[in-house]
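Just protein08.csv here, CSV, C-alpha atoms and all ligand atoms:
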```
chain,number,residue,atom,x,y,z
A,1,MET,CA,-1.9,-6.0,19.7
A,2,VAL,CA,1.6,-4.7,20.5
A,3,HIS,CA,4.1,-4.0,17.9
A,4,LEU,CA,6.2,-7.1,18.6
A,5,ASP,CA,3.3,-9.2,17.3
A,6,TYR,CA,3.9,-7.6,13.9
A,7,CYS,CA,7.7,-7.7,13.7
A,8,TRP,CA,9.2,-10.0,11.2
A,9,LYS,CA,11.5,-12.5,13.0
A,10,SER,CA,13.5,-12.9,9.8
A,11,LEU,CA,13.1,-11.3,6.3
A,12,PRO,CA,10.2,-13.1,4.6
A,13,ASN,CA,11.2,-15.0,1.5
A,14,LEU,CA,9.1,-14.3,-1.5
A,15,ALA,CA,8.3,-18.0,-2.0
A,16,GLU,CA,6.7,-18.3,1.4
A,17,VAL,CA,4.3,-15.4,0.7
A,18,SER,CA,3.4,-16.4,-2.9
A,19,LEU,CA,0.6,-18.5,-4.1
A,20,ASP,CA,0.2,-19.6,-7.7
A,21,ILE,CA,-3.4,-19.5,-9.0
A,22,GLY,CA,-3.7,-22.2,-11.6
A,23,LYS,CA,-6.1,-22.1,-14.5
A,24,ASP,CA,-8.7,-24.4,-12.8
A,25,GLU,CA,-8.8,-22.3,-9.6
A,26,ALA,CA,-8.9,-19.0,-11.6
A,27,ASP,CA,-11.7,-20.3,-13.8
A,28,ARG,CA,-13.6,-21.4,-10.7
A,29,LEU,CA,-13.3,-18.0,-9.1
A,30,LEU,CA,-14.2,-16.3,-12.4
A,31,GLU,CA,-17.3,-18.5,-12.7
A,32,ALA,CA,-18.4,-17.1,-9.3
A,33,VAL,CA,-18.5,-13.6,-10.6
A,34,LYS,CA,-19.6,-14.4,-14.2
A,35,ASP,CA,-23.1,-12.9,-13.8
A,36,GLN,CA,-22.2,-10.2,-11.3
A,37,GLY,CA,-21.9,-7.2,-13.6
A,38,GLU,CA,-21.4,-4.8,-10.7
A,39,ILE,CA,-18.0,-6.2,-9.7
A,40,PHE,CA,-16.3,-3.1,-11.1
A,41,SER,CA,-19.0,-0.5,-10.4
A,42,GLU,CA,-20.4,-1.7,-7.1
A,43,PRO,CA,-17.9,-4.3,-5.8
A,44,ASN,CA,-19.1,-4.0,-2.2
A,45,ASN,CA,-22.5,-5.3,-3.2
A,46,ILE,CA,-20.9,-8.6,-4.3
A,47,GLU,CA,-21.8,-11.4,-1.8
A,48,ILE,CA,-18.9,-13.6,-0.9
A,49,ASN,CA,-19.6,-17.3,-0.5
A,50,GLU,CA,-17.0,-18.6,2.0
A,51,LYS,CA,-16.9,-22.0,0.3
A,52,GLU,CA,-16.0,-20.5,-3.1
A,53,VAL,CA,-13.0,-18.7,-1.7
A,54,ALA,CA,-11.9,-21.3,0.9
A,55,ALA,CA,-8.7,-22.0,-1.0
A,56,LEU,CA,-7.6,-18.4,-0.5
A,57,GLN,CA,-8.3,-18.2,3.3
A,58,PRO,CA,-4.8,-19.3,4.5
A,59,VAL,CA,-3.4,-16.5,2.3
A,60,PHE,CA,-5.6,-13.8,3.8
A,61,SER,CA,-4.8,-14.7,7.4
A,62,ASN,CA,-1.3,-13.6,6.6
A,63,LEU,CA,-2.5,-10.1,5.9
A,64,LYS,CA,-3.7,-9.1,9.4
A,65,THR,CA,-0.5,-10.0,11.1
A,66,ARG,CA,3.1,-10.9,10.0
A,67,PRO,CA,4.2,-11.3,7.4
A,68,GLY,CA,1.5,-8.9,6.3
A,69,PHE,CA,1.6,-9.4,2.6
A,70,VAL,CA,0.8,-12.0,-0.1
A,71,LEU,CA,1.7,-12.3,-3.8
A,72,LEU,CA,-0.9,-14.2,-5.8
A,73,ARG,CA,0.4,-15.2,-9.2
A,74,ALA,CA,-2.2,-16.0,-11.9
A,75,GLU,CA,-1.1,-18.5,-14.5
A,76,ALA,CA,-0.5,-16.9,-18.0
A,77,GLY,CA,-3.2,-16.9,-20.6
A,78,PHE,CA,-5.8,-14.6,-19.1
A,79,ASN,CA,-6.8,-11.4,-20.9
A,80,ASP,CA,-7.0,-8.0,-19.1
A,81,ASP,CA,-10.7,-8.2,-18.4
A,82,GLU,CA,-10.3,-11.7,-16.8
A,83,LEU,CA,-7.4,-10.6,-14.7
A,84,ARG,CA,-9.2,-7.4,-13.6
A,85,ARG,CA,-12.3,-9.4,-12.8
A,86,LEU,CA,-10.3,-12.0,-10.8
A,87,TYR,CA,-8.5,-9.3,-9.0
A,88,ALA,CA,-11.7,-7.4,-8.2
A,89,PHE,CA,-13.3,-10.5,-6.7
A,90,ILE,CA,-10.2,-11.4,-4.7
A,91,SER,CA,-9.9,-7.8,-3.4
A,92,ARG,CA,-13.6,-8.0,-2.3
A,93,THR,CA,-13.0,-11.3,-0.4
A,94,ILE,CA,-10.5,-9.4,1.7
A,95,GLY,CA,-12.9,-6.6,2.7
A,96,LYS,CA,-14.7,-3.5,1.5
A,97,LEU,CA,-13.2,-1.5,-1.3
A,98,ASN,CA,-12.7,2.3,-1.0
A,99,GLN,CA,-13.8,4.7,-3.7
A,100,ARG,CA,-11.7,7.8,-3.1
A,101,TYR,CA,-9.7,7.4,-6.3
A,102,GLY,CA,-12.3,5.0,-7.9
A,103,TYR,CA,-12.6,1.4,-6.6
A,104,PHE,CA,-9.9,0.4,-9.2
A,105,PHE,CA,-7.3,3.0,-9.9
A,106,ASP,CA,-5.0,2.5,-12.9
A,107,VAL,CA,-1.4,3.3,-11.8
A,108,VAL,CA,0.4,4.5,-15.0
A,109,ASP,CA,2.8,7.3,-15.7
A,110,GLN,CA,0.6,10.3,-16.6
A,111,GLY,CA,3.7,12.4,-17.4
A,112,LEU,CA,3.2,14.5,-14.2
A,113,ASN,CA,5.7,15.6,-11.6
A,114,TYR,CA,4.8,15.4,-8.0
A,115,THR,CA,7.5,17.8,-6.9
A,116,LYS,CA,5.9,20.6,-9.0
A,117,GLU,CA,2.2,20.1,-8.1
A,118,ALA,CA,0.4,18.4,-5.2
A,119,ILE,CA,-0.6,15.1,-6.9
A,120,PRO,CA,-0.2,11.5,-5.9
A,121,VAL,CA,3.1,9.9,-6.9
A,122,SER,CA,1.0,7.0,-8.3
A,123,LYS,CA,0.4,9.3,-11.3
A,124,THR,CA,4.2,9.6,-12.1
A,125,LYS,CA,7.1,7.3,-13.0
A,126,ALA,CA,9.3,8.5,-10.1
A,127,SER,CA,10.4,6.3,-7.2
A,128,THR,CA,7.7,6.9,-4.6
A,129,GLY,CA,10.1,6.7,-1.6
A,130,TYR,CA,9.0,4.5,1.4
A,131,HIS,CA,5.5,5.3,2.3
A,132,THR,CA,2.1,4.1,3.5
A,133,ASP,CA,-0.9,4.9,1.3
A,134,SER,CA,-3.3,7.8,1.9
A,135,THR,CA,-2.2,11.1,3.4
A,136,ALA,CA,-5.7,12.1,4.6
A,137,LYS,CA,-6.2,12.3,8.3
A,138,ASP,CA,-9.6,10.7,8.2
A,139,TYR,CA,-8.9,7.7,6.0
A,140,VAL,CA,-6.4,4.7,6.2
A,141,PRO,CA,-6.7,1.7,3.9
A,142,ASP,CA,-6.0,-1.5,5.9
A,143,VAL,CA,-4.8,-3.2,2.8
A,144,VAL,CA,-3.3,-1.9,-0.5
A,145,GLY,CA,-3.8,-4.2,-3.5
A,146,LEU,CA,-1.9,-4.0,-6.8
A,147,LEU,CA,-2.6,-6.0,-9.9
A,148,CYS,CA,0.1,-6.1,-12.6
A,149,LEU,CA,-1.2,-5.9,-16.2
A,150,ASN,CA,2.1,-4.8,-17.7
A,151,ALA,CA,5.4,-5.0,-15.9
A,152,GLY,CA,6.8,-2.3,-18.2
A,153,TYR,CA,10.3,-1.9,-19.5
A,154,LYS,CA,12.9,-0.9,-16.9
A,155,GLY,CA,12.7,-0.5,-13.1
A,156,GLY,CA,9.4,-0.3,-11.2
A,157,GLU,CA,10.4,-2.9,-8.6
A,158,SER,CA,8.3,-3.3,-5.5
A,159,LEU,CA,9.9,-3.0,-2.1
A,160,VAL,CA,8.2,-4.0,1.2
A,161,THR,CA,9.5,-3.3,4.6
A,162,ASN,CA,8.2,-3.5,8.2
A,163,ALA,CA,7.5,-0.4,10.4
A,164,ALA,CA,7.1,-2.6,13.5
A,165,ASN,CA,10.7,-3.7,13.1
A,166,ALA,CA,11.7,-0.1,12.6
A,167,TYR,CA,9.8,0.8,15.8
A,168,GLU,CA,11.9,-1.8,17.7
A,169,MET,CA,15.1,-0.3,16.3
A,170,LEU,CA,14.0,3.3,17.3
A,171,LYS,CA,13.0,2.2,20.8
A,172,LYS,CA,16.5,0.9,21.4
A,173,ARG,CA,18.6,3.4,19.6
A,174,PHE,CA,16.5,6.7,19.3
A,175,PRO,CA,14.0,6.7,22.1
A,176,GLU,CA,13.8,10.5,22.1
A,177,CYS,CA,13.0,10.6,18.4
A,178,LEU,CA,10.3,7.9,18.8
A,179,ASN,CA,8.6,10.2,21.3
A,180,GLU,CA,8.5,12.9,18.6
A,181,LEU,CA,7.2,10.5,15.9
A,182,GLU,CA,4.3,9.6,18.2
A,183,LYS,CA,3.2,13.3,18.3
A,184,SER,CA,0.7,14.7,15.7
A,185,ILE,CA,2.6,15.8,12.5
A,186,ILE,CA,1.2,17.8,9.7
A,187,ARG,CA,1.0,16.3,6.1
A,188,ASP,CA,0.3,17.9,2.8
A,189,VAL,CA,-3.2,17.7,1.4
A,190,ILE,CA,-3.4,15.9,-2.0
A,191,THR,CA,-6.6,13.9,-2.0
A,192,PRO,CA,-8.8,15.0,-5.0
A,193,GLY,CA,-11.7,17.1,-3.9
A,194,SER,CA,-9.9,18.4,-0.8
A,195,GLU,CA,-9.2,22.1,-0.1
A,196,TYR,CA,-5.6,23.1,-0.5
A,197,ASN,CA,-5.1,25.9,1.9
A,198,ARG,CA,-2.8,26.5,4.9
A,199,GLU,CA,-5.6,25.7,7.5
A,200,ALA,CA,-6.4,22.4,5.7
A,201,ILE,CA,-2.8,21.3,5.9
A,202,LEU,CA,-2.5,22.3,9.6
A,203,ARG,CA,-5.6,20.3,10.3
A,204,ASN,CA,-4.3,17.3,8.4
A,205,ALA,CA,-2.1,16.2,11.3
A,206,PHE,CA,-1.6,12.8,12.9
A,207,PRO,CA,1.3,10.8,14.3
A,208,ILE,CA,3.7,8.6,12.3
A,209,TYR,CA,3.5,6.0,15.0
A,210,ASN,CA,0.1,5.7,16.7
A,211,LYS,CA,-0.4,3.1,19.4
A,212,GLU,CA,-3.8,4.3,20.7
A,213,ASN,CA,-6.5,1.9,21.6
A,214,ASN,CA,-4.0,-1.0,21.7
A,215,GLU,CA,-3.7,-0.7,17.9
A,216,PHE,CA,-0.4,-0.3,16.0
A,217,LEU,CA,-0.6,2.2,13.1
A,218,PHE,CA,2.2,3.6,11.0
A,219,ARG,CA,1.5,6.4,8.6
A,220,TYR,CA,4.4,7.8,6.7
A,221,MET,CA,5.5,9.6,3.6
A,222,ARG,CA,8.4,11.9,4.2
A,223,TYR,CA,7.9,14.1,1.1
A,224,TRP,CA,4.4,15.2,2.1
A,225,ILE,CA,5.5,15.8,5.7
A,226,GLU,CA,8.3,18.1,4.5
A,227,SER,CA,6.2,19.8,1.9
A,228,ALA,CA,3.5,20.5,4.6
A,229,HIS,CA,6.1,22.2,6.8
A,230,SER,CA,7.6,24.3,4.0
A,231,LYS,CA,4.2,25.4,2.6
A,232,THR,CA,2.8,26.4,6.0
A,233,GLY,CA,6.1,27.8,7.5
A,234,PHE,CA,5.4,25.5,10.5
A,235,PRO,CA,8.8,24.7,11.9
A,236,ILE,CA,10.1,21.1,11.5
A,237,SER,CA,11.9,19.8,14.6
A,238,SER,CA,15.4,18.4,14.5
A,239,LEU,CA,14.1,15.3,16.4
A,240,LEU,CA,11.6,14.7,13.7
A,241,ILE,CA,14.2,15.0,11.0
A,242,GLN,CA,16.5,12.7,12.9
A,243,GLY,CA,13.7,10.2,13.5
A,244,MET,CA,12.8,10.2,9.7
A,245,ASP,CA,16.5,9.8,8.8
A,246,ALA,CA,16.7,6.7,11.1
A,247,ILE,CA,13.5,5.3,9.6
A,248,ASP,CA,14.7,5.8,6.0
A,249,ASP,CA,18.1,4.4,6.8
A,250,PHE,CA,16.5,1.3,8.3
A,251,PHE,CA,14.2,0.8,5.3
A,252,SER,CA,17.0,1.3,2.8
A,253,LYS,CA,19.0,-1.6,4.2
A,254,GLU,CA,18.8,-4.8,2.0
A,255,GLU,CA,18.5,-7.0,5.1
A,256,ASN,CA,15.2,-5.2,6.0
A,257,THR,CA,13.6,-5.1,2.6
A,258,VAL,CA,11.8,-7.6,0.4
A,259,ARG,CA,12.4,-6.6,-3.2
A,260,PHE,CA,10.8,-8.1,-6.3
A,261,LYS,CA,9.5,-7.2,-9.7
A,262,MET,CA,5.8,-8.0,-10.3
A,263,GLN,CA,5.0,-9.7,-13.5
A,264,ARG,CA,1.7,-9.7,-15.5
A,265,GLY,CA,-1.0,-11.6,-13.6
A,266,ASP,CA,0.6,-10.9,-10.2
A,267,MET,CA,-1.6,-9.5,-7.4
A,268,LEU,CA,0.1,-8.0,-4.4
A,269,PHE,CA,-1.9,-7.4,-1.2
A,270,LEU,CA,-0.1,-5.7,1.7
A,271,ASN,CA,-1.1,-4.5,5.1
A,272,ASN,CA,-0.9,-0.7,5.1
A,273,ARG,CA,-1.0,-0.4,8.9
A,274,PHE,CA,2.3,-1.9,9.8
A,275,LEU,CA,4.2,-2.4,6.5
A,276,CYS,CA,5.7,0.3,4.4
A,277,HIS,CA,6.3,0.1,0.7
A,278,ASN,CA,8.2,1.7,-2.1
A,279,ARG,CA,8.5,1.5,-5.9
A,280,SER,CA,11.7,2.1,-7.8
A,281,ALA,CA,11.6,4.6,-10.7
A,282,PHE,CA,10.6,3.1,-14.0
A,283,GLU,CA,10.8,3.7,-17.7
A,284,ASP,CA,8.3,2.8,-20.3
A,285,HIS,CA,9.2,1.7,-23.8
A,286,PRO,CA,7.1,1.7,-27.0
A,287,SER,CA,7.8,-1.9,-27.8
A,288,VAL,CA,6.6,-3.3,-24.4
A,289,GLY,CA,3.9,-0.8,-23.7
A,290,ARG,CA,3.2,1.3,-20.6
A,291,ARG,CA,3.8,-0.2,-17.1
A,292,MET,CA,0.2,-0.7,-15.9
A,293,MET,CA,-0.9,-1.6,-12.4
A,294,VAL,CA,-4.4,-1.5,-10.9
A,295,ARG,CA,-4.6,-0.4,-7.3
A,296,THR,CA,-7.3,-1.1,-4.7
A,297,TRP,CA,-7.7,0.3,-1.2
A,298,ILE,CA,-9.4,-2.2,1.1
A,299,ASN,CA,-10.7,-2.2,4.6
A,300,PHE,CA,-11.4,-5.2,6.7
A,301,GLU,CA,-15.0,-5.7,7.6
A,302,ASN,CA,-14.2,-4.9,11.2
A,303,SER,CA,-11.7,-2.2,10.5
A,304,PRO,CA,-10.9,0.0,13.5
A,305,GLU,CA,-11.0,3.1,11.3
A,401,FE,FE,1.7,3.2,-2.4
```

Please, can you express the file's structure as structure tokens?
Amino acid sequence: MVHLDYCWKSLPNLAEVSLDIGKDEADRLLEAVKDQGEIFSEPNNIEINEKEVAALQPVFSNLKTRPGFVLLRAEAGFNDDELRRLYAFISRTIGKLNQRYGYFFDVVDQGLNYTKEAIPVSKTKASTGYHTDSTAKDYVPDVVGLLCLNAGYKGGESLVTNAANAYEMLKKRFPECLNELEKSIIRDVITPGSEYNREAILRNAFPIYNKENNEFLFRYMRYWIESAHSKTGFPISSLLIQGMDAIDDFFSKEENTVRFKMQRGDMLFLNNRFLCHNRSAFEDHPSVGRRMMVRTWINFENSPE
């Protein structure tokens, strides 16, 4: 599929990608996993009955191509365990869950600083910058899921933008940069359990835009690209910097970005192959508790990776 098939023709409006899950529907879905204890420990063993999730199908067809994301909003009144269970089941209906950080990774501020040590930004309260998930050469989640259990106090908004639209802009305005972005580019190594030496970083190289095998794949996080170059001393080309400036400039424009704040019970699923996302910085507050999201990495059953 060529990149034009993924481009947004106009900025999606939140209402058109949202689906409310009422109490009856949620109860019905929860009933389907009631006796399936392994939903959290072995989610990929859960069998999906197509009929049970038929109501969700139109939503998931939006994940493979534009608009590329859906926001499911569960009615108020469910406790954390019920929301987690519902989210786990819905994630499993999309595809296979990945276990690199645990099938269900709690995204909370752990008081860490990603500029001081090589840790994922998901363990901090900082703005993440526009990025796609996973900096490991050998693994790309097709879909990133996020469940909101606590929206937190200030900030922490979600921003979603489209790398296929950015590709179109680059092709027209910066074709020489696009050529550079399609070459292999080194990234820092941050996945737990990986080796953190110079050779490992030099091996962890892949393009920002990859159109091999008639697939469209965008993999980006500027911070880890720059830290890989500074740690290894490998020179960063001016065309690469210019290309990343053009991408960041495009993503930062309001007319190219869907911006919203997730509320408790919201489940966001977004395509991680052609969409790019960001989270604004946030603050926790004792009276409202810590901002708490649960992340999943999902691959379609017939994923090209
Ligand atoms: Fe992310």

Nearest to Ala74 (chain A), chosen from A:Ser134, A:Thr257, A:Gln242, A:Gln263, with all atoms listed in the file counted in the distances: A:Gln263

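When all atoms listed in the file are used to measure the gap to ligand FE 401 (chain A), the shortest distance among A:Glu52, A:Asp109, A:Glu75, A:Asp133 belongs to A:Asp133.
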
Using 8 Å as the limit and counting only C-alpha atoms and all ligand atoms, can you tabulate each residue of chain A that touches ligand FE 401 (chain A), with its shortest atom-to-atom distance in Å and the two atoms involved, as CSV?
```
residue,atom,partner,partner_atom,distance
A:Ser122,CA,A:FE401,FE,7.1
A:Thr128,CA,A:FE401,FE,7.4
A:His131,CA,A:FE401,FE,6.4
A:Thr132,CA,A:FE401,FE,6.0
A:Asp133,CA,A:FE401,FE,4.8
A:Val144,CA,A:FE401,FE,7.4
A:His277,CA,A:FE401,FE,6.4
A:Asn278,CA,A:FE401,FE,6.7
A:Arg279,CA,A:FE401,FE,7.8
```

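Take the candidates A:Leu30, A:Leu240, A:Leu97, A:Ile185 and check each one against Asp142 (chain A) using only C-alpha atoms; the shortest distance goes to A:Leu97.
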
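Closest approach to Val33 (chain A) from the set A:Thr93, A:Asn210, A:Ser287, A:Ser18 is made by A:Thr93, with distances taken over only C-alpha atoms.
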
- request: Might you pull out every residue within 9 Å of region 225-234 of chain A, with all atoms listed in the file counted and same-chain residues fewer than 2 positions away left off, and present them as a ChimeraX atom specification?
  value: /A:185-189,197-199,201-202,220-223,236

Saved selection, atoms kept: C-alpha atoms, as a tab-separated table (two decimals), in the frame of the given file:
```tsv
chain	number	residue	atom	x	y	z
A	185	ILE	CA	2.60	15.80	12.50
A	186	ILE	CA	1.20	17.80	9.70
A	187	ARG	CA	1.00	16.30	6.10
A	188	ASP	CA	0.30	17.90	2.80
A	189	VAL	CA	-3.20	17.70	1.40
A	197	ASN	CA	-5.10	25.90	1.90
A	198	ARG	CA	-2.80	26.50	4.90
A	199	GLU	CA	-5.60	25.70	7.50
A	201	ILE	CA	-2.80	21.30	5.90
A	202	LEU	CA	-2.50	22.30	9.60
A	220	TYR	CA	4.40	7.80	6.70
A	221	MET	CA	5.50	9.60	3.60
A	222	ARG	CA	8.40	11.90	4.20
A	223	TYR	CA	7.90	14.10	1.10
A	236	ILE	CA	10.10	21.10	11.50
```

field: Atom-to-atom span, CA of Leu170 (chain A) and CA of Gly243 (chain A), Å
entry: 7.9 Å

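For the pair CA of Pro286 (chain A) and CA of Lys125 (chain A), the interatomic distance is 15.1 Å.
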
Because the input lacks atoms here, generate N, CA and C atoms for region 238-250 of chain A and report them as a short mmCIF file (atom, residue, chain, number, x, y, z; two decimals), in the coordinates of the input.
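And here's rebuild-v2.cif as it stands now:
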```
data_model
loop_
_atom_site.label_atom_id
_atom_site.label_comp_id
_atom_site.auth_asym_id
_atom_site.auth_seq_id
_atom_site.Cartn_x
_atom_site.Cartn_y
_atom_site.Cartn_z
N SER A 238 14.19 19.21 14.86
CA SER A 238 15.40 18.40 14.50
C SER A 238 15.17 16.96 14.93
N LEU A 239 14.39 16.74 15.98
CA LEU A 239 14.10 15.30 16.40
C LEU A 239 13.30 14.60 15.36
N LEU A 240 12.37 15.33 14.73
CA LEU A 240 11.60 14.70 13.70
C LEU A 240 12.43 14.35 12.48
N ILE A 241 13.32 15.26 12.10
CA ILE A 241 14.20 15.00 11.00
C ILE A 241 15.12 13.78 11.30
N GLN A 242 15.65 13.80 12.51
CA GLN A 242 16.50 12.70 12.90
C GLN A 242 15.77 11.37 12.94
N GLY A 243 14.54 11.40 13.41
CA GLY A 243 13.70 10.20 13.50
C GLY A 243 13.41 9.67 12.06
N MET A 244 13.09 10.59 11.12
CA MET A 244 12.80 10.20 9.70
C MET A 244 14.06 9.66 9.07
N ASP A 245 15.20 10.28 9.37
CA ASP A 245 16.50 9.80 8.80
C ASP A 245 16.71 8.34 9.29
N ALA A 246 16.43 8.10 10.58
CA ALA A 246 16.70 6.70 11.10
C ALA A 246 15.71 5.74 10.48
N ILE A 247 14.46 6.15 10.25
CA ILE A 247 13.50 5.30 9.60
C ILE A 247 13.95 4.97 8.15
N ASP A 248 14.30 6.03 7.41
CA ASP A 248 14.70 5.80 6.00
C ASP A 248 15.96 4.98 5.90
N ASP A 249 16.88 5.20 6.85
CA ASP A 249 18.10 4.40 6.80
C ASP A 249 17.80 2.93 7.09
N PHE A 250 16.89 2.68 8.02
CA PHE A 250 16.50 1.30 8.30
C PHE A 250 15.85 0.64 7.11
#
```
